[in-house]
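A short worksheet on the structure shown next.
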Amino acid sequence: MSNIKNVAMITVCGRPNVGKSSLTNALVGEKVAIVSNKAQTTRNRIYGVVNREDTQYILLDTPGLHKPKSALGDYMVKVVTSSLSDVDCALLLVEPIPHVGGPEQALIDRIREEKLPCILCVNKIDTVEPAELLPVIAAYNEAWDGFDAIIPISAHTGSGLDDLMKELRKYAQEGPQLFPDGMTTDQPERQVMGEILREKLLLCLDKEIPHGTAVEITKFSERDSGVIDVDATIYCEKASHKGIIIGKQGAMLKKISSLARQDMEKFMGTKVYLETWVKVKENWRDNVNYVRSFGYRDE
Ligand SMILES: Nc1nc2c(ncn2[C@@H]2O[C@H](COP(=O)(O)OP(=O)(O)OP(=O)(O)O)[C@@H](O)[C@H]2O)c(=O)[nH]1
């Protein structure tokens, strides 16, 4: 039985690729959001849930703020801005670079507009010398002197995360537990299966190809033996991309599917049979209706 008496809702925001999903996963202690070294990996808002002592922290992992170039991009930017309403605190995640860029400035403006408490986290400190952090902090202090705390962290090594949790505790408010014990994300399992497959597309394919893919899970069912059957269709934007995704004698699709199946089994804790298909839907990212049909829509 848990003794949760307080709840804190926190939006994790920042430009693409700063490590928002990595931080969410590190705090949750389980992979609830997919991670890749390519920008614009996260497309939807994803909740990660952390229970510590008498407090439940609900982290909203958001898509990276960028200049939208498609209907999908428009949707992603809308998700970021709407995720900064009705939360207790904003966590602005930045690179350890002594320069405040356009996306950071836009997020600071939005956070100020909402009058939200804001913690600035400088991530990836494992990649710089400690002395290099001072000019980073100075640049942000100059852009805005209203940060409630500035905490250097590394989502990879875990450095600074205890300090961050202590700081987040200050923004918790009395209230009932919103997610039951053991539930680490609001994403249905079916959606997690699709996201895992998309992570492997990002991992295995180059350049624009993975950004133009969407995954639809057409079957998600459990046999009496506990084995789970997953059928997935990968949509891509061009016939030439389909060829690349499938690869020579199906080798690429086999590799992607096998990596995805291993992670699906880890998440589900049971054996998974995964079947994948590839279909072409030309320029789907520019078509609002296709974007919606792949689940990228307002609730
Ligand atoms: N060295 C180092 N790399 C990190 C750290 N945190 C994240 N990364 C890497 O940065 C890249 C982007 O991480 P993500 O967690 O996908 O970033 P994101 O901000 O969620 O990205 P979008 O979904 O594109 O907005 C990945 O290659 C991560 O492994 C860190 O603390 N140190």
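Just so we're on the same page: first chain in the structure tokens is A, next is B, and so on; residues restart at 1 for each chain, and ligands are numbered from 1 in the order they show up.
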
task = Please identify all polymer residues within 10 Å of Glu208 (chain A), counting only C-alpha atoms, omitting same-chain residues fewer than 6 positions from it, and present them as a PyMOL selection string.
result = chain A and resi 38+202+237+241

task = Name the residues, by chain letter and number, that sit within 6 Å of ligand 1 using only C-alpha atoms and all ligand atoms, and give them as a list in words.
result = Pro16, Asn17, Val18, Gly19, Lys20, Ser21, Ser22, Val35, Ser36, Asn37, Ala39, Gln40, Thr41, Thr42, Pro63, Gly64, Asn123, Lys124, Asp126, Thr127, Ser154, Ala155 and His156 of chain A

How about saving the chosen residues, C-alpha atoms kept, as a JSON list (two decimals), in the first residue's frame?
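Just written: part-v4.json:
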```
[["chain", "number", "residue", "atom", "x", "y", "z"],
["A", 16, "PRO", "CA", 15.07, 18.66, -29.81],
["A", 17, "ASN", "CA", 17.79, 16.21, -28.72],
["A", 18, "VAL", "CA", 18.74, 17.78, -25.35],
["A", 19, "GLY", "CA", 17.81, 14.59, -23.51],
["A", 20, "LYS", "CA", 14.23, 15.13, -22.31],
["A", 21, "SER", "CA", 13.25, 11.50, -22.84],
["A", 22, "SER", "CA", 16.53, 10.25, -21.38],
["A", 35, "VAL", "CA", 15.43, 7.83, -27.16],
["A", 36, "SER", "CA", 17.57, 8.35, -30.24],
["A", 37, "ASN", "CA", 20.48, 10.51, -31.35],
["A", 39, "ALA", "CA", 16.29, 15.28, -33.28],
["A", 40, "GLN", "CA", 12.49, 15.20, -33.06],
["A", 41, "THR", "CA", 12.22, 11.66, -31.75],
["A", 42, "THR", "CA", 9.33, 12.33, -29.37],
["A", 63, "PRO", "CA", 8.44, 16.96, -28.22],
["A", 64, "GLY", "CA", 11.47, 19.22, -28.75],
["A", 123, "ASN", "CA", 22.16, 18.34, -19.09],
["A", 124, "LYS", "CA", 25.04, 16.26, -20.49],
["A", 126, "ASP", "CA", 29.44, 14.34, -18.46],
["A", 127, "THR", "CA", 30.59, 15.83, -21.78],
["A", 154, "SER", "CA", 23.60, 14.13, -16.52],
["A", 155, "ALA", "CA", 20.72, 11.89, -17.53],
["A", 156, "HIS", "CA", 23.36, 9.33, -18.53]]
```

ask   = Quick one: residues within 9 Å of Val272 (chain A), only C-alpha atoms counted, chain neighbours fewer than 6 positions away excluded, as a list of chain:residue names?
value =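 Selected residues are A:Val227, A:Ile228, A:Asp229, A:Val230, A:Arg261, A:Gln262, A:Met264, A:Glu265.
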
ask   = If you run DSSP on this backbone, which residues of region 183-279 of chain A come out as strand (DSSP E or B), and could you give them as an MDAnalysis selection string?
value = chainID A and resid 185 214:222 228:236 272:279
